[in-house]
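Trainee: Take a look at final_33.txt, compact mmCIF, C-alpha atoms:
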```txt
# COMPACT_ATOMS: atom_id res chain seq x y z
CA MET C 1 48.35 34.37 46.39
CA SER C 2 47.81 33.50 42.77
CA LYS C 3 49.74 36.13 40.87
CA LEU C 4 53.33 37.38 40.81
CA THR C 5 53.95 40.45 42.98
CA ILE C 6 56.98 42.66 42.42
CA TYR C 7 58.03 45.03 45.20
CA GLY C 8 60.08 47.69 43.48
CA ASP C 9 61.16 51.30 43.38
CA SER C 10 60.50 52.98 40.03
CA ILE C 11 63.68 55.06 40.30
CA SER C 12 65.76 51.84 40.49
CA GLY C 13 66.94 50.26 37.25
CA ASN C 14 67.40 46.97 39.11
CA CYS C 15 63.71 46.96 40.00
CA LEU C 16 62.57 47.90 36.51
CA LYS C 17 64.42 44.91 35.06
CA ALA C 18 61.91 42.57 36.74
CA LYS C 19 58.96 44.69 35.59
CA TRP C 20 60.16 44.81 31.98
CA VAL C 21 60.71 41.04 31.77
CA ALA C 22 57.29 40.25 33.24
CA THR C 23 55.65 42.77 30.88
CA ARG C 24 57.52 41.50 27.82
CA LEU C 25 56.59 37.89 28.58
CA ALA C 26 52.96 38.76 29.42
CA ILE C 27 53.30 37.38 32.94
CA PRO C 28 50.53 39.02 35.02
CA PHE C 29 51.87 40.84 38.06
CA ASP C 30 51.11 43.41 40.70
CA TRP C 31 53.69 46.14 41.24
CA ILE C 32 53.99 47.49 44.75
CA GLU C 33 55.89 50.75 44.78
CA THR C 34 58.48 50.53 47.56
CA SER C 35 60.69 53.56 48.02
CA VAL C 36 64.25 52.96 49.16
CA VAL C 37 64.85 56.65 49.86
CA GLU C 38 61.70 56.80 52.03
CA ALA C 39 62.82 53.60 53.83
CA ALA C 40 59.81 51.56 52.76
CA THR C 41 62.25 48.64 52.56
CA ARG C 42 62.87 48.96 56.32
CA THR C 43 59.33 48.60 57.64
CA PRO C 44 58.51 45.54 59.77
CA GLN C 45 56.04 44.43 57.08
CA PHE C 46 58.66 44.51 54.33
CA LEU C 47 61.40 42.97 56.46
CA ALA C 48 59.07 40.08 57.21
CA LEU C 49 58.99 39.40 53.46
CA ASN C 50 62.66 40.13 52.82
CA PRO C 51 64.92 40.15 55.89
CA TRP C 52 67.67 41.76 53.78
CA GLY C 53 65.56 44.85 53.18
CA GLN C 54 66.20 45.05 49.45
CA VAL C 55 64.16 45.65 46.33
CA PRO C 56 63.40 44.25 43.86
CA LEU C 57 61.68 41.45 45.71
CA ALA C 58 59.48 39.01 43.80
CA VAL C 59 56.75 37.14 45.60
CA LEU C 60 55.97 34.33 43.21
CA ALA C 61 52.45 33.09 42.54
CA ASP C 62 52.97 30.28 45.08
CA GLY C 63 54.05 32.77 47.76
CA ARG C 64 57.76 31.97 47.73
CA THR C 65 60.16 34.90 47.51
CA LEU C 66 63.13 35.72 45.34
CA SER C 67 65.56 38.63 45.41
CA GLN C 68 68.50 39.84 43.27
CA SER C 69 67.34 41.52 40.07
CA ASN C 70 69.19 39.24 37.67
CA ALA C 71 68.07 36.09 39.51
CA ILE C 72 64.45 37.28 39.28
CA MET C 73 64.80 37.95 35.55
CA LEU C 74 66.33 34.52 34.94
CA HIS C 75 63.52 32.80 36.80
CA LEU C 76 60.73 34.70 35.02
CA ALA C 77 62.35 34.27 31.61
CA GLU C 78 63.03 30.55 31.82
CA GLY C 79 62.15 28.85 28.56
CA SER C 80 61.61 32.14 26.75
CA ASP C 81 63.56 33.67 23.87
CA LEU C 82 65.15 36.15 26.28
CA ILE C 83 67.58 33.35 27.20
CA PRO C 84 69.57 31.96 24.24
CA ALA C 85 69.04 28.28 23.48
CA ASP C 86 72.65 27.83 22.37
CA ALA C 87 74.91 26.89 25.30
CA TYR C 88 77.78 29.22 24.38
CA ALA C 89 75.47 32.16 23.68
CA ARG C 90 73.81 31.51 27.03
CA ALA C 91 77.23 31.49 28.72
CA LYS C 92 78.04 34.86 27.11
CA MET C 93 74.73 36.19 28.43
CA PHE C 94 75.75 35.09 31.93
CA GLU C 95 79.15 36.73 31.43
CA TRP C 96 77.40 40.07 30.80
CA LEU C 97 74.96 39.59 33.68
CA PHE C 98 77.76 39.06 36.21
CA TRP C 99 79.82 41.87 34.67
CA GLU C 100 76.82 44.17 34.96
CA GLN C 101 76.48 43.55 38.70
CA TYR C 102 80.19 43.61 39.49
CA SER C 103 81.60 46.29 37.19
CA HIS C 104 78.76 48.37 35.75
CA GLU C 105 76.07 48.90 38.39
CA PRO C 106 78.47 49.86 41.24
CA VAL C 107 79.82 52.63 39.01
CA ILE C 108 77.10 53.88 36.65
CA ALA C 109 74.15 53.45 39.02
CA VAL C 110 76.06 54.61 42.08
CA ARG C 111 77.28 57.85 40.47
CA ARG C 112 73.73 58.60 39.27
CA PHE C 113 72.47 58.09 42.83
CA ARG C 114 75.12 60.44 44.23
CA VAL C 115 74.28 63.18 41.69
CA LYS C 116 70.52 62.87 41.26
CA PHE C 117 69.24 61.73 44.63
CA GLN C 118 71.95 62.65 47.12
CA LYS C 119 72.55 65.89 45.17
CA LEU C 120 76.29 65.76 45.77
CA ARG C 121 78.65 68.00 43.83
CA ASP C 122 81.49 66.57 41.73
CA GLN C 123 84.13 67.17 44.39
CA GLU C 124 82.04 65.27 46.97
CA ILE C 125 81.84 62.13 44.82
CA ASP C 126 84.47 59.38 44.68
CA ALA C 127 86.70 60.69 41.88
CA SER C 128 87.34 57.20 40.51
CA LEU C 129 83.72 56.73 39.43
CA LEU C 130 83.90 59.00 36.38
CA PRO C 131 86.89 57.33 34.64
CA LYS C 132 85.66 53.88 35.69
CA GLY C 133 82.25 54.61 34.20
CA ASN C 134 83.74 55.88 30.97
CA ALA C 135 85.78 52.67 30.72
CA VAL C 136 82.59 50.64 31.28
CA LEU C 137 80.81 52.55 28.51
CA ALA C 138 83.82 52.16 26.20
CA ARG C 139 83.71 48.43 26.76
CA MET C 140 80.05 48.40 25.79
CA GLU C 141 80.75 50.53 22.71
CA GLU C 142 83.38 48.02 21.61
CA ALA C 143 81.09 45.04 22.23
CA LEU C 144 78.42 46.59 20.02
CA ALA C 145 80.81 47.00 17.05
CA ASP C 146 79.74 43.73 15.50
CA SER C 147 76.16 43.17 16.58
CA ALA C 148 72.93 44.96 17.35
CA TYR C 149 72.59 43.35 20.80
CA PHE C 150 75.03 42.10 23.40
CA VAL C 151 74.57 38.43 22.60
CA GLY C 152 74.03 37.82 18.92
CA ASP C 153 71.29 39.55 16.97
CA ALA C 154 68.36 39.35 19.36
CA LEU C 155 67.27 40.87 22.64
CA THR C 156 68.35 38.85 25.69
CA LEU C 157 68.48 39.39 29.44
CA ALA C 158 71.99 40.80 28.93
CA ASP C 159 70.53 43.81 27.11
CA ILE C 160 67.77 44.29 29.67
CA ALA C 161 70.22 44.18 32.58
CA LEU C 162 72.66 46.56 30.90
CA VAL C 163 70.13 49.07 29.61
CA ALA C 164 68.59 49.58 33.05
CA TYR C 165 71.19 52.06 34.24
CA THR C 166 72.99 52.81 30.97
CA ARG C 167 69.95 54.74 29.69
CA TRP C 168 70.23 56.93 32.80
CA ALA C 169 74.03 57.35 32.66
CA GLY C 170 73.61 61.00 31.67
CA GLU C 171 71.95 61.63 35.03
CA GLY C 172 75.19 60.46 36.63
CA GLY C 173 77.31 62.92 34.67
CA PHE C 174 78.40 60.59 31.86
CA ASP C 175 78.29 61.90 28.29
CA LEU C 176 76.63 59.23 26.17
CA SER C 177 77.27 61.18 22.98
CA ASN C 178 80.83 59.83 23.20
CA PHE C 179 79.38 56.35 22.74
CA PRO C 180 77.19 56.46 19.61
CA ARG C 181 76.68 52.70 19.27
CA VAL C 182 75.56 52.56 22.90
CA GLN C 183 73.07 55.37 22.22
CA THR C 184 71.64 53.57 19.18
CA TRP C 185 71.41 50.33 21.16
CA ILE C 186 69.60 52.07 24.05
CA ALA C 187 66.96 53.37 21.63
CA ARG C 188 66.64 49.89 20.10
CA VAL C 189 66.13 48.16 23.46
CA GLU C 190 63.72 50.84 24.67
CA ARG C 191 61.67 50.32 21.52
CA ASP C 192 61.76 46.53 22.03
CA LEU C 193 60.53 46.97 25.59
CA GLY C 194 57.87 49.52 24.62
CA LEU C 195 59.47 52.25 26.73
CA PRO C 196 59.38 55.95 25.88
CA PRO C 197 62.79 57.13 24.67
CA THR C 198 64.98 58.59 27.43
CA MET Q 1 92.73 23.04 20.74
CA SER Q 2 90.96 20.01 22.04
CA LYS Q 3 90.90 20.47 25.78
CA LEU Q 4 89.65 23.15 28.16
CA THR Q 5 92.34 25.61 29.27
CA ILE Q 6 91.90 27.74 32.38
CA TYR Q 7 94.10 30.79 32.82
CA GLY Q 8 94.06 31.50 36.52
CA ASP Q 9 95.90 32.82 39.53
CA SER Q 10 96.09 30.33 42.41
CA ILE Q 11 95.81 33.10 45.00
CA SER Q 12 92.43 34.13 43.52
CA GLY Q 13 89.29 32.46 44.81
CA ASN Q 14 87.49 33.49 41.64
CA CYS Q 15 89.99 31.52 39.57
CA LEU Q 16 89.88 28.46 41.82
CA LYS Q 17 86.09 28.23 41.37
CA ALA Q 18 86.62 27.24 37.73
CA LYS Q 19 89.34 24.75 38.65
CA TRP Q 20 87.23 23.11 41.36
CA VAL Q 21 84.19 22.69 39.09
CA ALA Q 22 86.23 21.17 36.27
CA THR Q 23 87.97 18.84 38.73
CA ARG Q 24 84.72 17.81 40.44
CA LEU Q 25 83.06 17.05 37.10
CA ALA Q 26 86.12 15.23 35.72
CA ILE Q 27 86.43 17.67 32.81
CA PRO Q 28 90.03 17.45 31.57
CA PHE Q 29 91.78 20.82 31.59
CA ASP Q 30 95.13 22.55 31.49
CA TRP Q 31 95.77 25.20 34.14
CA ILE Q 32 97.99 28.08 33.11
CA GLU Q 33 99.17 30.00 36.15
CA THR Q 34 98.65 33.70 35.41
CA SER Q 35 99.68 36.09 38.17
CA VAL Q 36 97.67 39.27 38.55
CA VAL Q 37 100.20 40.80 40.94
CA GLU Q 38 103.02 40.14 38.46
CA ALA Q 39 100.88 41.62 35.64
CA ALA Q 40 100.76 38.41 33.62
CA THR Q 41 97.21 39.47 32.73
CA ARG Q 42 98.64 42.56 30.98
CA THR Q 43 100.98 40.94 28.48
CA PRO Q 44 100.19 41.31 24.76
CA GLN Q 45 99.74 37.53 24.56
CA PHE Q 46 97.15 37.47 27.33
CA LEU Q 47 95.34 40.61 26.14
CA ALA Q 48 94.98 38.99 22.73
CA LEU Q 49 93.03 36.21 24.43
CA ASN Q 50 91.12 38.48 26.83
CA PRO Q 51 91.09 42.19 25.98
CA TRP Q 52 89.75 42.92 29.46
CA GLY Q 53 92.89 41.57 31.09
CA GLN Q 54 91.12 39.47 33.71
CA VAL Q 55 91.42 35.99 35.12
CA PRO Q 56 89.88 33.49 35.28
CA LEU Q 57 89.68 33.07 31.54
CA ALA Q 58 88.46 29.80 30.08
CA VAL Q 59 89.48 28.81 26.58
CA LEU Q 60 86.98 26.12 25.72
CA ALA Q 61 87.88 22.97 23.80
CA ASP Q 62 86.65 24.62 20.57
CA GLY Q 63 88.88 27.67 21.15
CA ARG Q 64 86.14 30.11 22.16
CA THR Q 65 86.72 32.13 25.32
CA LEU Q 66 84.66 32.85 28.39
CA SER Q 67 85.32 35.11 31.37
CA GLN Q 68 83.56 35.91 34.69
CA SER Q 69 84.10 33.17 37.26
CA ASN Q 70 80.43 32.41 37.87
CA ALA Q 71 79.63 32.35 34.13
CA ILE Q 72 82.48 29.87 33.59
CA MET Q 73 81.20 27.65 36.42
CA LEU Q 74 77.66 27.71 35.03
CA HIS Q 75 78.86 26.71 31.57
CA LEU Q 76 81.07 23.86 32.79
CA ALA Q 77 78.42 22.55 35.18
CA GLU Q 78 75.50 22.54 32.77
CA GLY Q 79 73.49 19.37 33.14
CA SER Q 80 75.35 18.31 36.28
CA ASP Q 81 74.09 17.94 39.84
CA LEU Q 82 75.91 21.16 40.80
CA ILE Q 83 72.91 23.01 39.32
CA PRO Q 84 69.55 22.12 40.93
CA ALA Q 85 66.97 20.59 38.60
CA ASP Q 86 64.10 22.27 40.45
CA ALA Q 87 63.33 25.72 38.99
CA TYR Q 88 62.93 27.49 42.34
CA ALA Q 89 66.04 25.90 43.83
CA ARG Q 90 67.93 26.96 40.71
CA ALA Q 91 66.62 30.50 41.13
CA LYS Q 92 67.84 30.54 44.74
CA MET Q 93 71.24 29.35 43.51
CA PHE Q 94 71.33 32.31 41.11
CA GLU Q 95 70.30 34.63 43.94
CA TRP Q 96 73.39 33.54 45.90
CA LEU Q 97 75.67 33.75 42.85
CA PHE Q 98 74.72 37.36 42.16
CA TRP Q 99 74.85 38.23 45.85
CA GLU Q 100 78.33 36.73 46.04
CA GLN Q 101 79.64 38.96 43.26
CA TYR Q 102 77.83 42.12 44.37
CA SER Q 103 77.95 41.99 48.17
CA HIS Q 104 80.47 39.34 49.28
CA GLU Q 105 83.50 39.40 46.97
CA PRO Q 106 83.95 43.21 46.96
CA VAL Q 107 84.18 43.09 50.75
CA ILE Q 108 85.66 39.78 51.89
CA ALA Q 109 88.06 39.27 48.97
CA VAL Q 110 89.02 42.93 48.76
CA ARG Q 111 89.92 43.21 52.45
CA ARG Q 112 92.01 40.04 52.21
CA PHE Q 113 93.86 41.53 49.24
CA ARG Q 114 94.55 44.75 51.15
CA VAL Q 115 95.89 42.89 54.19
CA LYS Q 116 97.69 39.91 52.68
CA PHE Q 117 99.03 41.16 49.36
CA GLN Q 118 99.14 44.94 49.67
CA LYS Q 119 100.27 44.56 53.30
CA LEU Q 120 98.24 47.57 54.41
CA ARG Q 121 97.64 48.27 58.09
CA ASP Q 122 94.13 48.56 59.50
CA GLN Q 123 94.12 52.35 59.44
CA GLU Q 124 95.06 52.34 55.73
CA ILE Q 125 92.08 50.18 54.75
CA ASP Q 126 88.56 51.46 54.01
CA ALA Q 127 87.02 51.30 57.48
CA SER Q 128 83.63 50.19 56.16
CA LEU Q 129 84.96 46.83 54.95
CA LEU Q 130 85.19 45.24 58.41
CA PRO Q 131 81.57 45.85 59.52
CA LYS Q 132 80.28 45.10 56.01
CA GLY Q 133 82.17 41.82 55.97
CA ASN Q 134 80.86 40.83 59.38
CA ALA Q 135 77.32 41.53 58.15
CA VAL Q 136 77.98 39.35 55.10
CA LEU Q 137 79.22 36.50 57.32
CA ALA Q 138 76.23 36.95 59.66
CA ARG Q 139 73.89 36.61 56.71
CA MET Q 140 75.62 33.37 55.72
CA GLU Q 141 75.44 32.10 59.32
CA GLU Q 142 71.68 32.73 59.33
CA ALA Q 143 71.19 31.05 55.93
CA LEU Q 144 72.91 27.92 57.23
CA ALA Q 145 70.59 27.61 60.24
CA ASP Q 146 68.28 25.20 58.45
CA SER Q 147 70.41 23.37 55.94
CA ALA Q 148 73.86 21.94 55.37
CA TYR Q 149 74.36 23.81 52.10
CA PHE Q 150 73.14 27.12 50.71
CA VAL Q 151 70.50 25.60 48.45
CA GLY Q 152 68.87 22.54 49.97
CA ASP Q 153 70.87 19.59 51.17
CA ALA Q 154 73.41 19.17 48.43
CA LEU Q 155 76.47 20.94 47.09
CA THR Q 156 75.69 23.45 44.34
CA LEU Q 157 77.55 26.23 42.55
CA ALA Q 158 76.28 28.58 45.28
CA ASP Q 159 78.49 26.82 47.84
CA ILE Q 160 81.50 26.74 45.50
CA ALA Q 161 81.18 30.47 44.73
CA LEU Q 162 80.74 31.41 48.37
CA VAL Q 163 83.43 29.18 49.82
CA ALA Q 164 86.11 30.57 47.50
CA TYR Q 165 86.83 33.65 49.61
CA THR Q 166 84.95 32.77 52.80
CA ARG Q 167 87.54 30.09 53.63
CA TRP Q 168 90.20 32.82 53.45
CA ALA Q 169 88.23 35.45 55.38
CA GLY Q 170 90.61 35.10 58.31
CA GLU Q 171 93.43 36.37 56.09
CA GLY Q 172 91.38 39.56 55.68
CA GLY Q 173 91.06 40.08 59.41
CA PHE Q 174 87.63 38.52 59.91
CA ASP Q 175 87.14 36.20 62.88
CA LEU Q 176 85.35 33.11 61.58
CA SER Q 177 85.03 31.68 65.09
CA ASN Q 178 82.10 34.10 65.50
CA PHE Q 179 80.32 32.16 62.76
CA PRO Q 180 80.39 28.49 63.76
CA ARG Q 181 77.90 27.24 61.16
CA VAL Q 182 79.96 28.94 58.45
CA GLN Q 183 83.08 27.21 59.79
CA THR Q 184 81.39 23.80 59.73
CA TRP Q 185 80.08 24.45 56.22
CA ILE Q 186 83.55 25.49 54.96
CA ALA Q 187 84.99 22.19 56.21
CA ARG Q 188 82.11 20.29 54.57
CA VAL Q 189 82.59 21.96 51.18
CA GLU Q 190 86.37 21.59 51.33
CA ARG Q 191 85.87 17.88 51.98
CA ASP Q 192 83.39 17.63 49.09
CA LEU Q 193 85.90 19.31 46.78
CA GLY Q 194 88.83 17.23 48.02
CA LEU Q 195 90.68 20.28 49.34
CA PRO Q 196 92.98 20.25 52.35
CA PRO Q 197 91.31 22.02 55.31
CA THR Q 198 92.21 25.71 55.58
```
Would you give me this structure, written as structure tokens?
Mentor:
Amino acid sequence: MSKLTIYGDSISGNCLKAKWVATRLAIPFDWIETSVVEAATRTPQFLALNPWGQVPLAVLADGRTLSQSNAIMLHLAEGSDLIPADAYARAKMFEWLFWEQYSHEPVIAVRRFRVKFQKLRDQEIDASLLPKGNAVLARMEEALADSAYFVGDALTLADIALVAYTRWAGEGGFDLSNFPRVQTWIARVERDLGLPPT
Amino acid sequence: MSKLTIYGDSISGNCLKAKWVATRLAIPFDWIETSVVEAATRTPQFLALNPWGQVPLAVLADGRTLSQSNAIMLHLAEGSDLIPADAYARAKMFEWLFWEQYSHEPVIAVRRFRVKFQKLRDQEIDASLLPKGNAVLARMEEALADSAYFVGDALTLADIALVAYTRWAGEGGFDLSNFPRVQTWIARVERDLGLPPT
């Protein structure tokens, strides 16, 4: 194998993170659409590649594998301007990356999945997700008070990780119009990444 | 301020990660005991330092702050042998760090908190936590089949992050004797870090 392969599901923000970073950095890759809902991550072929049955999965050009969306992004982006050169700015980027996986994704992405794909009604969904998600978005709104991006004045992996599900928060029942700086930032990052506006 | 200060709660594995890395790397620091249960993270003084009201919080020697346990470890350990020099090994370390925060801590640490500090009985605790935690421990057992540490044959931040709550899994009702390689690894990492055996 001589080219990066990304196994991913296009409805998963976590998977798109890897695609966006590879695209932005002009790293050639093949994308293999792998549907979680249709259990394509549970086939013997896929489990042979990733025993944990998760996407995104990157098969690097040398054939070695890597999982965890933020770990894949960090590996692909090494040495690029998507990772700040300054040690403290880099540490703040890591702070957002871990916050995204611990506090943001399990709320914003999970509620979207319940509403859009499981088609649950409000009363069937964990009632804590709505206030938790609004607190997450409020934290982002506050962080954007002083700068155009999450770490300083340039696009970093922190923005790419956070935009993945924030741009779809409306699909999870969150009202982004309450968070105008977040809305402006989403449009900015989408433009940076060459995505159509949500 | 001319020395690192770590605000942390000694009953929190996340907080101890920062302490262990600073100690291991001989970085001088002051530890300020900050009890979550006693709401010391909610005082006006603490919220002025960290508006999110979380520990661990590092106040660096230059006065700037950093939160998120794994981000603090990464910053303190930069350039040390706790972070692999090889790019792929480093990527695998990141894979474990994100997995720890997304899949391990919310299960193993949360069930321990329910049992030990909230003193809940089994039937009062989310029933999914026990099987999820056993799956987490089984994954670790499998990963340790071929090596003494999680990334290659040396201690890295992956081990420090994972040991923090794994060594206390028994307090959450998990039976570590089902995972003998994990038990041996815990003792190894505790010895490396100069901790008394759990």
Trainee: Quick one: distance from CA of Pro84 (chain Q) to CA of Arg24 (chain Q) in Å, one decimal?
Mentor: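 These atoms are spaced 15.8 Å apart.
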Trainee: For chain C, report every residue with an atom at most 7 Å from chain Q (counting all atoms listed in the file), formatted as an MDAnalysis selection string.
Mentor: chainID C and resid 67:68 71 75 91 94:95 98 101:102
Trainee: For Asp86 (chain Q), which of Q:Val110, Q:Cys15, Q:Val151, Q:Leu49 is the closest residue, counting only C-alpha atoms?
Mentor: Q:Val151
Trainee: Go through C:Pro56, C:Gly63, C:Gly172, C:Gly79 one by one, measure the shortest atom-to-atom distance of each to Ile32 (chain C) using only C-alpha atoms, and give the residue with the smallest value.
Mentor: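 Ranking C:Pro56, C:Gly63, C:Gly172, C:Gly79 by distance to Ile32 (chain C), first place goes to C:Pro56.
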Trainee: In Å, how far is it from CA of Asp122 (chain Q) to CA of Arg167 (chain Q)?
Mentor: 20.5 Å
Trainee: Report, in Å to a single decimal, how far apart CA of Gly53 (chain C) and CA of Thr34 (chain C) are.
Mentor: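 According to the coordinates, CA of Thr34 (chain C) and CA of Gly53 (chain C) are separated by 10.7 Å.
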Trainee: Using only C-alpha atoms, what residues lie at most 6 Å away from (67.5, 60.1, 47.7) (file coordinates), given as an mmCIF file with C-alpha atoms, keeping the file's coordinate frame?
Mentor:
```
data_model
loop_
_atom_site.group_PDB
_atom_site.id
_atom_site.type_symbol
_atom_site.label_atom_id
_atom_site.label_comp_id
_atom_site.auth_asym_id
_atom_site.auth_seq_id
_atom_site.Cartn_x
_atom_site.Cartn_y
_atom_site.Cartn_z
ATOM 1 C CA VAL C 37 64.850 56.650 49.860
ATOM 2 C CA PHE C 117 69.240 61.730 44.630
ATOM 3 C CA GLN C 118 71.950 62.650 47.120
#
```
Trainee: At a cut-off of 12 Å, using all atoms listed in the file, what residues contact Ser177 (chain C)? Leave out same-chain residues fewer than 5 positions from it and give the result as a list in words.
Mentor: Asn134, Leu137, Ala138, Glu141, Arg167, Ala169, Gly170, Val182, Gln183, Thr184 and Ile186 of chain C
Trainee: Counting all atoms listed in the file, which residue out of Q:Ala164, Q:Gly173, Q:Ser147, Q:Leu82 sits closest to Val115 (chain Q)?
Mentor: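 Smallest separation from Val115 (chain Q) among the options: Q:Gly173.
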Trainee: Need the axis-aligned box for region 152-167 of chain Q with 5 Å each side, so what are the centre and edges in Å to one decimal, as lines of an AutoDock Vina configuration file?
Mentor:
```
center_x = 78.2
center_y = 26.4
center_z = 48.1
size_x = 28.7
size_y = 24.5
size_z = 21.1
```
Trainee: Choose the residue, out of Q:Ile160, Q:Met140, Q:Ala89, Q:Ala39, that has the smallest atom-to-atom separation from Leu193 (chain Q); count only C-alpha atoms.
Mentor: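 The shortest atom-to-atom distance to Leu193 (chain Q) comes from Q:Ile160.
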Trainee: Can you fill out region 42-56 of chain Q with N, CA and C atoms and hand it back as a PDB file, in the frame of the given file?
Mentor:
```pdb
ATOM      1  N   ARG Q  42      98.468  41.328  31.783  1.00  0.00           N
ATOM      2  CA  ARG Q  42      98.640  42.560  30.980  1.00  0.00           C
ATOM      3  C   ARG Q  42      99.600  42.379  29.825  1.00  0.00           C
ATOM      4  N   THR Q  43     100.059  41.173  29.597  1.00  0.00           N
ATOM      5  CA  THR Q  43     100.980  40.940  28.480  1.00  0.00           C
ATOM      6  C   THR Q  43     100.199  40.978  27.166  1.00  0.00           C
ATOM      7  N   PRO Q  44     100.877  41.323  26.064  1.00  0.00           N
ATOM      8  CA  PRO Q  44     100.190  41.310  24.760  1.00  0.00           C
ATOM      9  C   PRO Q  44      99.571  39.945  24.455  1.00  0.00           C
ATOM     10  N   GLN Q  45     100.267  38.867  24.834  1.00  0.00           N
ATOM     11  CA  GLN Q  45      99.740  37.530  24.560  1.00  0.00           C
ATOM     12  C   GLN Q  45      98.420  37.308  25.295  1.00  0.00           C
ATOM     13  N   PHE Q  46      98.386  37.704  26.579  1.00  0.00           N
ATOM     14  CA  PHE Q  46      97.150  37.470  27.330  1.00  0.00           C
ATOM     15  C   PHE Q  46      96.041  38.405  26.851  1.00  0.00           C
ATOM     16  N   LEU Q  47      96.376  39.661  26.583  1.00  0.00           N
ATOM     17  CA  LEU Q  47      95.340  40.610  26.140  1.00  0.00           C
ATOM     18  C   LEU Q  47      94.764  40.219  24.785  1.00  0.00           C
ATOM     19  N   ALA Q  48      95.535  39.477  23.992  1.00  0.00           N
ATOM     20  CA  ALA Q  48      94.980  38.990  22.730  1.00  0.00           C
ATOM     21  C   ALA Q  48      93.882  37.960  22.978  1.00  0.00           C
ATOM     22  N   LEU Q  49      94.047  37.199  24.066  1.00  0.00           N
ATOM     23  CA  LEU Q  49      93.030  36.210  24.430  1.00  0.00           C
ATOM     24  C   LEU Q  49      91.850  36.876  25.139  1.00  0.00           C
ATOM     25  N   ASN Q  50      92.152  37.800  26.046  1.00  0.00           N
ATOM     26  CA  ASN Q  50      91.120  38.480  26.830  1.00  0.00           C
ATOM     27  C   ASN Q  50      91.424  39.967  26.916  1.00  0.00           C
ATOM     28  N   PRO Q  51      90.793  40.747  26.032  1.00  0.00           N
ATOM     29  CA  PRO Q  51      91.090  42.190  25.980  1.00  0.00           C
ATOM     30  C   PRO Q  51      90.839  42.891  27.308  1.00  0.00           C
ATOM     31  N   TRP Q  52      90.053  42.268  28.193  1.00  0.00           N
ATOM     32  CA  TRP Q  52      89.750  42.920  29.460  1.00  0.00           C
ATOM     33  C   TRP Q  52      90.813  42.639  30.520  1.00  0.00           C
ATOM     34  N   GLY Q  53      91.759  41.773  30.192  1.00  0.00           N
ATOM     35  CA  GLY Q  53      92.890  41.570  31.090  1.00  0.00           C
ATOM     36  C   GLY Q  53      92.526  40.975  32.438  1.00  0.00           C
ATOM     37  N   GLN Q  54      91.574  40.065  32.445  1.00  0.00           N
ATOM     38  CA  GLN Q  54      91.120  39.470  33.710  1.00  0.00           C
ATOM     39  C   GLN Q  54      91.267  37.958  33.706  1.00  0.00           C
ATOM     40  N   VAL Q  55      91.550  37.434  34.885  1.00  0.00           N
ATOM     41  CA  VAL Q  55      91.420  35.990  35.120  1.00  0.00           C
ATOM     42  C   VAL Q  55      90.327  35.788  36.155  1.00  0.00           C
ATOM     43  N   PRO Q  56      89.639  34.625  36.159  1.00  0.00           N
ATOM     44  CA  PRO Q  56      89.880  33.490  35.280  1.00  0.00           C
ATOM     45  C   PRO Q  56      89.406  33.760  33.850  1.00  0.00           C
TER      46      PRO Q  56
END
```
